[in-house]
$ cat start_9.pdb   # PDB, C-alpha atoms and all ligand atoms
ATOM      1  CA  MET A 135    -119.557 -46.702   7.155
ATOM      2  CA  GLY A 136    -116.079 -46.569   8.632
ATOM      3  CA  TYR A 137    -115.670 -49.727  10.640
ATOM      4  CA  LEU A 138    -112.807 -49.258  13.033
ATOM      5  CA  THR A 139    -110.664 -52.314  13.349
ATOM      6  CA  ASP A 140    -107.678 -50.706  14.971
ATOM      7  CA  SER A 141    -106.548 -52.956  17.770
ATOM      8  CA  HIS A 142    -103.086 -51.691  18.559
ATOM      9  CA  HIS A 143    -102.386 -48.926  20.951
ATOM     10  CA  ASP A 144     -99.487 -47.274  22.669
ATOM     11  CA  SER A 145     -98.895 -44.611  25.230
ATOM     12  CA  ASP A 146     -98.992 -41.851  22.616
ATOM     13  CA  SER A 147    -102.590 -42.654  21.781
ATOM     14  CA  TYR A 148    -103.839 -42.064  25.318
ATOM     15  CA  SER A 149    -105.349 -38.822  26.465
ATOM     16  CA  GLU A 150    -104.648 -37.286  29.850
ATOM     17  CA  ALA A 151    -107.733 -39.009  31.215
ATOM     18  CA  GLY A 152    -106.160 -42.379  30.437
ATOM     19  CA  LEU A 153    -108.606 -43.071  27.652
ATOM     20  CA  PRO A 154    -107.616 -44.061  24.119
ATOM     21  CA  SER A 155    -107.737 -41.156  21.681
ATOM     22  CA  HIS A 156    -110.065 -43.052  19.349
ATOM     23  CA  PRO A 157    -112.329 -46.137  19.474
ATOM     24  CA  THR A 158    -110.114 -49.106  20.246
ATOM     25  CA  HIS A 159    -110.609 -52.857  20.565
ATOM     26  CA  TYR A 160    -108.676 -54.622  23.304
ATOM     27  CA  ALA A 161    -107.956 -58.323  23.510
ATOM     28  CA  ASP A 162    -108.440 -58.341  27.269
ATOM     29  CA  GLY A 163    -111.380 -57.230  29.375
ATOM     30  CA  THR A 164    -115.031 -58.215  29.400
ATOM     31  CA  TYR A 165    -118.202 -56.511  28.252
ATOM     32  CA  ARG A 166    -121.831 -57.427  27.761
ATOM     33  CA  PHE A 167    -124.532 -55.776  25.703
ATOM     34  CA  MET A 168    -127.989 -54.997  27.017
ATOM     35  CA  ARG A 169    -129.550 -56.424  23.905
ATOM     36  CA  THR A 170    -128.260 -58.056  20.747
ATOM     37  CA  GLN A 171    -129.605 -58.065  17.207
ATOM     38  CA  PRO A 172    -132.273 -60.748  16.706
ATOM     39  CA  LEU A 173    -130.870 -61.654  13.299
ATOM     40  CA  ASP A 174    -127.236 -61.601  14.451
ATOM     41  CA  PRO A 175    -126.738 -62.170  18.174
ATOM     42  CA  THR A 176    -123.050 -61.297  17.863
ATOM     43  CA  GLN A 177    -124.014 -57.675  17.162
ATOM     44  CA  PRO A 178    -125.371 -55.237  19.752
ATOM     45  CA  VAL A 179    -128.445 -53.066  19.644
ATOM     46  CA  GLY A 180    -127.295 -49.456  19.936
ATOM     47  CA  TYR A 181    -127.926 -45.925  18.767
ATOM     48  CA  ASN A 182    -127.464 -44.835  15.191
ATOM     49  CA  PRO A 183    -123.827 -43.703  15.321
ATOM     50  CA  CYS A 184    -124.339 -41.222  12.495
ATOM     51  CA  ARG A 185    -126.844 -39.024  14.330
ATOM     52  CA  PHE A 186    -126.529 -36.930  17.461
ATOM     53  CA  ILE A 187    -127.943 -38.604  20.557
ATOM     54  CA  GLU A 188    -129.775 -35.707  22.177
ATOM     55  CA  VAL A 189    -129.535 -35.406  25.953
ATOM     56  CA  GLU A 190    -131.845 -33.346  28.152
ATOM     57  CA  ILE A 191    -131.427 -32.757  31.876
ATOM     58  CA  ASN A 192    -134.128 -32.331  34.512
ATOM     59  CA  TYR A 193    -132.420 -30.104  37.096
ATOM     60  CA  ALA A 194    -134.787 -30.860  39.976
ATOM     61  CA  ASP A 195    -132.610 -32.112  42.872
ATOM     62  CA  ALA A 196    -129.590 -32.074  40.530
ATOM     63  CA  THR A 197    -125.992 -31.534  41.562
ATOM     64  CA  PRO A 198    -124.618 -28.082  40.572
ATOM     65  CA  THR A 199    -122.069 -29.670  38.240
ATOM     66  CA  ILE A 200    -124.375 -32.066  36.387
ATOM     67  CA  ALA A 201    -124.371 -30.143  33.082
ATOM     68  CA  ALA A 202    -120.574 -29.897  33.034
ATOM     69  CA  ASP A 203    -120.299 -33.538  34.080
ATOM     70  CA  VAL A 204    -122.601 -34.677  31.265
ATOM     71  CA  GLU A 205    -120.524 -32.595  28.831
ATOM     72  CA  ARG A 206    -117.419 -34.370  30.058
ATOM     73  CA  ILE A 207    -118.977 -37.822  29.640
ATOM     74  CA  ALA A 208    -120.126 -36.772  26.163
ATOM     75  CA  ARG A 209    -116.584 -35.733  25.235
ATOM     76  CA  ASP A 210    -115.156 -39.024  26.466
ATOM     77  CA  MET A 211    -117.947 -41.028  24.808
ATOM     78  CA  LEU A 212    -117.261 -39.392  21.436
ATOM     79  CA  GLN A 213    -113.569 -40.155  21.769
ATOM     80  CA  VAL A 214    -113.909 -43.809  22.713
ATOM     81  CA  SER A 215    -116.981 -44.820  20.698
ATOM     82  CA  GLY A 216    -117.700 -42.189  18.062
ATOM     83  CA  LEU A 217    -121.182 -41.833  19.578
ATOM     84  CA  HIS A 218    -122.064 -38.162  19.752
ATOM     85  CA  LEU A 219    -124.133 -37.205  22.785
ATOM     86  CA  ARG A 220    -125.348 -33.619  22.532
ATOM     87  CA  TYR A 221    -126.937 -31.613  25.347
ATOM     88  CA  VAL A 222    -130.081 -29.940  24.053
ATOM     89  CA  GLY A 223    -131.473 -28.272  27.159
ATOM     90  CA  ALA A 224    -133.338 -28.349  30.437
ATOM     91  CA  SER A 225    -136.322 -30.593  30.857
ATOM     92  CA  GLN A 226    -139.303 -30.675  33.209
ATOM     93  CA  ARG A 227    -139.919 -34.282  32.346
ATOM     94  CA  THR A 228    -139.347 -37.321  34.514
ATOM     95  CA  HIS A 229    -140.162 -39.786  31.757
ATOM     96  CA  LEU A 230    -139.729 -39.774  28.018
ATOM     97  CA  ALA A 231    -142.435 -41.211  25.859
ATOM     98  CA  PRO A 232    -140.760 -43.554  23.374
ATOM     99  CA  PRO A 233    -139.473 -43.106  20.817
ATOM    100  CA  SER A 234    -138.164 -39.752  21.990
ATOM    101  CA  GLY A 235    -134.778 -40.137  20.333
ATOM    102  CA  ARG A 236    -133.302 -38.626  23.487
ATOM    103  CA  ILE A 237    -131.641 -39.626  26.724
ATOM    104  CA  LEU A 238    -133.183 -37.951  29.772
ATOM    105  CA  VAL A 239    -130.930 -37.337  32.777
ATOM    106  CA  SER A 240    -132.922 -36.847  35.980
ATOM    107  CA  PHE A 241    -132.640 -37.165  39.738
ATOM    108  CA  THR A 242    -134.960 -39.008  42.031
ATOM    109  CA  ARG A 243    -135.139 -39.911  45.709
ATOM    110  CA  ALA A 244    -135.801 -43.211  47.397
ATOM    111  CA  SER A 245    -138.674 -41.535  49.242
ATOM    112  CA  ASN A 246    -140.630 -41.044  46.027
ATOM    113  CA  ASP A 247    -139.236 -43.849  43.885
ATOM    114  CA  THR A 248    -139.658 -47.308  45.356
ATOM    115  CA  SER A 249    -137.211 -48.788  42.863
ATOM    116  CA  MET A 250    -134.386 -46.715  44.377
ATOM    117  CA  ASN A 251    -132.737 -47.389  47.718
ATOM    118  CA  ASP A 252    -129.557 -46.325  49.467
ATOM    119  CA  ALA A 253    -127.555 -49.042  47.779
ATOM    120  CA  ILE A 254    -128.364 -47.716  44.305
ATOM    121  CA  ALA A 255    -126.671 -44.556  43.062
ATOM    122  CA  GLY A 256    -128.364 -44.545  39.707
ATOM    123  CA  ARG A 257    -129.623 -46.541  36.805
ATOM    124  CA  GLY A 258    -129.559 -46.139  33.095
ATOM    125  CA  GLY A 259    -130.834 -47.810  30.027
ATOM    126  CA  SER A 260    -132.466 -47.519  26.687
ATOM    127  CA  SER A 261    -135.370 -49.767  25.978
ATOM    128  CA  SER A 262    -137.185 -48.334  23.025
ATOM    129  CA  TYR A 263    -135.886 -49.215  19.638
ATOM    130  CA  THR A 264    -136.831 -49.225  16.016
ATOM    131  CA  SER A 265    -135.625 -51.242  13.132
ATOM    132  CA  GLY A 266    -133.804 -49.761  10.199
ATOM    133  CA  TYR A 267    -135.100 -50.610   6.783
ATOM    134  CA  PRO A 268    -134.120 -52.756   4.956
ATOM    135  CA  ASP A 269    -131.617 -54.757   7.001
ATOM    136  CA  GLN A 270    -133.751 -55.045  10.162
ATOM    137  CA  THR A 271    -130.974 -53.744  12.393
ATOM    138  CA  LEU A 272    -132.510 -52.541  15.659
ATOM    139  CA  TYR A 273    -131.581 -49.127  17.033
ATOM    140  CA  TYR A 274    -132.269 -47.483  20.360
ATOM    141  CA  VAL A 275    -134.350 -44.362  20.079
ATOM    142  CA  GLY A 276    -134.592 -43.183  23.652
ATOM    143  CA  GLY A 277    -133.341 -43.845  27.138
ATOM    144  CA  THR A 278    -132.810 -42.583  30.646
ATOM    145  CA  VAL A 279    -130.100 -41.958  33.189
ATOM    146  CA  THR A 280    -131.768 -41.668  36.587
ATOM    147  CA  LEU A 281    -129.613 -40.708  39.556
ATOM    148  CA  ASN A 282    -130.507 -41.312  43.191
ATOM    149  CA  ALA A 283    -130.110 -37.857  44.761
ATOM    150  CA  ASP A 284    -129.910 -39.410  48.232
ATOM    151  CA  THR A 285    -126.814 -41.391  47.262
ATOM    152  CA  TYR A 286    -125.290 -39.824  44.161
ATOM    153  CA  ASN A 287    -125.355 -36.254  45.455
ATOM    154  CA  ARG A 288    -123.469 -37.264  48.604
ATOM    155  CA  SER A 289    -120.706 -39.009  46.661
ATOM    156  CA  THR A 290    -117.419 -37.286  45.903
ATOM    157  CA  HIS A 291    -117.208 -35.577  42.534
ATOM    158  CA  ASP A 292    -114.816 -38.267  41.276
ATOM    159  CA  GLN A 293    -117.323 -40.943  42.285
ATOM    160  CA  GLN A 294    -120.145 -39.025  40.619
ATOM    161  CA  LEU A 295    -118.216 -38.997  37.338
ATOM    162  CA  LEU A 296    -117.679 -42.755  37.563
ATOM    163  CA  ILE A 297    -121.348 -43.390  38.357
ATOM    164  CA  LEU A 298    -122.414 -41.113  35.516
ATOM    165  CA  ALA A 299    -120.075 -42.882  33.081
ATOM    166  CA  HIS A 300    -121.449 -46.266  34.241
ATOM    167  CA  GLU A 301    -125.070 -45.162  33.771
ATOM    168  CA  PHE A 302    -124.345 -43.651  30.357
ATOM    169  CA  GLY A 303    -122.651 -46.939  29.518
ATOM    170  CA  HIS A 304    -126.000 -48.618  30.211
ATOM    171  CA  ALA A 305    -127.875 -45.933  28.285
ATOM    172  CA  VAL A 306    -125.891 -46.527  25.101
ATOM    173  CA  GLY A 307    -126.150 -50.307  25.378
ATOM    174  CA  LEU A 308    -123.693 -51.889  27.806
ATOM    175  CA  ALA A 309    -124.953 -54.321  30.437
ATOM    176  CA  HIS A 310    -123.136 -55.317  33.604
ATOM    177  CA  ALA A 311    -119.913 -57.218  32.990
ATOM    178  CA  PRO A 312    -117.746 -59.358  35.252
ATOM    179  CA  GLY A 313    -114.200 -58.370  36.110
ATOM    180  CA  ALA A 314    -112.428 -55.083  36.680
ATOM    181  CA  GLU A 315    -114.663 -53.005  34.443
ATOM    182  CA  LEU A 316    -116.588 -49.836  35.127
ATOM    183  CA  MET A 317    -119.661 -51.745  33.932
ATOM    184  CA  ASN A 318    -119.248 -54.268  36.747
ATOM    185  CA  ALA A 319    -122.290 -53.957  39.021
ATOM    186  CA  ASP A 320    -119.817 -53.573  41.888
ATOM    187  CA  ALA A 321    -117.252 -51.544  39.988
ATOM    188  CA  TRP A 322    -116.511 -49.337  42.992
ATOM    189  CA  GLY A 323    -114.484 -52.086  44.642
ATOM    190  CA  TYR A 324    -111.991 -52.050  41.756
ATOM    191  CA  ARG A 325    -110.755 -48.481  42.310
ATOM    192  CA  LEU A 326    -111.059 -47.703  38.630
ATOM    193  CA  HIS A 327    -110.459 -44.211  37.343
ATOM    194  CA  HIS A 328    -112.421 -44.621  34.156
ATOM    195  CA  TRP A 329    -113.734 -47.071  31.611
ATOM    196  CA  ALA A 330    -111.476 -50.137  31.422
ATOM    197  CA  HIS A 331    -110.525 -52.326  28.454
ATOM    198  CA  GLY A 332    -113.720 -54.365  28.238
ATOM    199  CA  ASP A 333    -115.882 -51.259  28.628
ATOM    200  CA  LEU A 334    -113.885 -49.502  25.913
ATOM    201  CA  THR A 335    -114.162 -52.402  23.484
ATOM    202  CA  GLY A 336    -117.914 -52.625  24.054
ATOM    203  CA  LEU A 337    -118.309 -48.872  23.536
ATOM    204  CA  ALA A 338    -116.187 -48.993  20.372
ATOM    205  CA  ARG A 339    -118.409 -51.770  19.015
ATOM    206  CA  LEU A 340    -121.581 -49.818  19.817
ATOM    207  CA  GLY A 341    -120.162 -47.010  17.685
ATOM    208  CA  GLU A 342    -119.646 -49.390  14.754
ATOM    209  CA  LEU A 343    -123.291 -50.132  14.041
ATOM    210  CA  PRO A 344    -124.186 -49.282  10.470
ATOM    211  CA  CYS A 345    -125.545 -45.803   9.850
ATOM    212  CA  ARG A 346    -129.150 -45.506   8.928
TER     213      ARG A 346
HETATM  214 ZN    ZN A 401    -125.284 -50.687  36.487
END
$ encode --input "start_9.pdb" --output "structure tokens" --more "lines below"
Ligand SMILES: [Zn+2]
Amino acid sequence: MGYLTDSHHDSDSYSEAGLPSHPTHYADGTYRFMRTQPLDPTQPVGYNPCRFIEVEINYADATPTIAADVERIARDMLQVSGLHLRYVGASQRTHLAPPSGRILVSFTRASNDTSMNDAIAGRGGSSSYTSGYPDQTLYYVGGTVTLNADTYNRSTHDQQLLILAHEFGHAVGLAHAPGAELMNADAWGYRLHHWAHGDLTGLARLGELPCR
């Protein structure tokens, strides 16, 4: 099951986007997981890294570039974690009944979603999970990335990509982290251009869950 323990890196292993060319563990940086394994709290709950994570998009109120932007996040996610997000089509849904096995990307507005306000550009997460027999490892089997059209759609495209990466970080299992990380709840103050070292280590670890 291909555990990646590579922890060294150099400039040659970075892509143009400034991301490592393969899942990498860094000694610096901070990351937190949304949920950890009940039988081993050092290990995260995540998606089965050996299956596609299907992504559908509800285009109501969506930005014109959302499909291309999701493709870009998927490409980066595969590179830095080994997790393979795959776009499977348009959706009319606003919720996914668990366990859907999919991540739904949709847009909402504060006017019809009381949990959104101007200070929130989006939210993401995966809450449904199942256990793999026989080792009782828990896996996510469905999640959402919900973007606040009132806020997200007015952001610059560069900001949208950062918000989308942050929300997909949540969707695959990362919680908010302190420090200069894209998963910081106030990441925007850090002028980051992409996932930082803690984010990248957390994503690499999420891709190292055993296959099932
Ligand atoms: Zn967040």
$ closest_atom_pairs --input "start_9.pdb" --of "chain A" --to "ligand ZN 401 (chain A)" --cutoff "12 Å" --atoms "all atoms listed in the file" --output "CSV"
residue,atom,partner,partner_atom,distance
A:Arg166,CA,A:ZN401,ZN,11.6
A:Phe167,CA,A:ZN401,ZN,11.9
A:Met168,CA,A:ZN401,ZN,10.8
A:Ala253,CA,A:ZN401,ZN,11.6
A:Ile254,CA,A:ZN401,ZN,8.9
A:Ala255,CA,A:ZN401,ZN,9.1
A:Gly256,CA,A:ZN401,ZN,7.6
A:Arg257,CA,A:ZN401,ZN,6.0
A:Gly258,CA,A:ZN401,ZN,7.1
A:Gly259,CA,A:ZN401,ZN,9.0
A:Val279,CA,A:ZN401,ZN,10.5
A:Thr280,CA,A:ZN401,ZN,11.1
A:Leu281,CA,A:ZN401,ZN,11.3
A:Leu296,CA,A:ZN401,ZN,11.0
A:Ile297,CA,A:ZN401,ZN,8.5
A:Leu298,CA,A:ZN401,ZN,10.0
A:Ala299,CA,A:ZN401,ZN,10.0
A:His300,CA,A:ZN401,ZN,6.3
A:Glu301,CA,A:ZN401,ZN,6.2
A:Phe302,CA,A:ZN401,ZN,9.4
A:Gly303,CA,A:ZN401,ZN,8.3
A:His304,CA,A:ZN401,ZN,6.6
A:Ala305,CA,A:ZN401,ZN,9.8
A:Gly307,CA,A:ZN401,ZN,11.1
A:Leu308,CA,A:ZN401,ZN,8.9
A:Ala309,CA,A:ZN401,ZN,7.1
A:His310,CA,A:ZN401,ZN,5.9
A:Ala311,CA,A:ZN401,ZN,9.2
A:Pro312,CA,A:ZN401,ZN,11.6
A:Glu315,CA,A:ZN401,ZN,11.1
A:Leu316,CA,A:ZN401,ZN,8.8
A:Met317,CA,A:ZN401,ZN,6.3
A:Asn318,CA,A:ZN401,ZN,7.0
A:Ala319,CA,A:ZN401,ZN,5.1
A:Asp320,CA,A:ZN401,ZN,8.2
A:Ala321,CA,A:ZN401,ZN,8.8
A:Trp322,CA,A:ZN401,ZN,11.0
$ resolve_selection --input "start_9.pdb" --expression "the PyMOL selection byres (((chain A and resi 180-193) around 6) and not hetatm)" --output "ChimeraX atom specification"
/A:179,194,196,217-226,236-240,273-274,307,340-341,345
$ atom_distance --input "start_9.pdb" --atom1 "CA of Gly216 in chain A" --atom2 "CA of Ser265 in chain A"
20.7 Å
$ atom_distance --input "start_9.pdb" --atom1 "CA of Gly332 in chain A" --atom2 "CA of Tyr165 in chain A"
5.0 Å
$ closest_residue --input "start_9.pdb" --among "A:Asp269, A:Val214, A:Tyr324, A:Ala208" --to "Pro157 in chain A" --atoms "only C-alpha atoms"
A:Val214
$ resolve_selection --input "start_9.pdb" --expression "the PyMOL selection byres (((chain A and resi 172-175) around 10) and not hetatm)" --output "PyMOL selection string"
chain A and resi 169-171+176-179+269-272
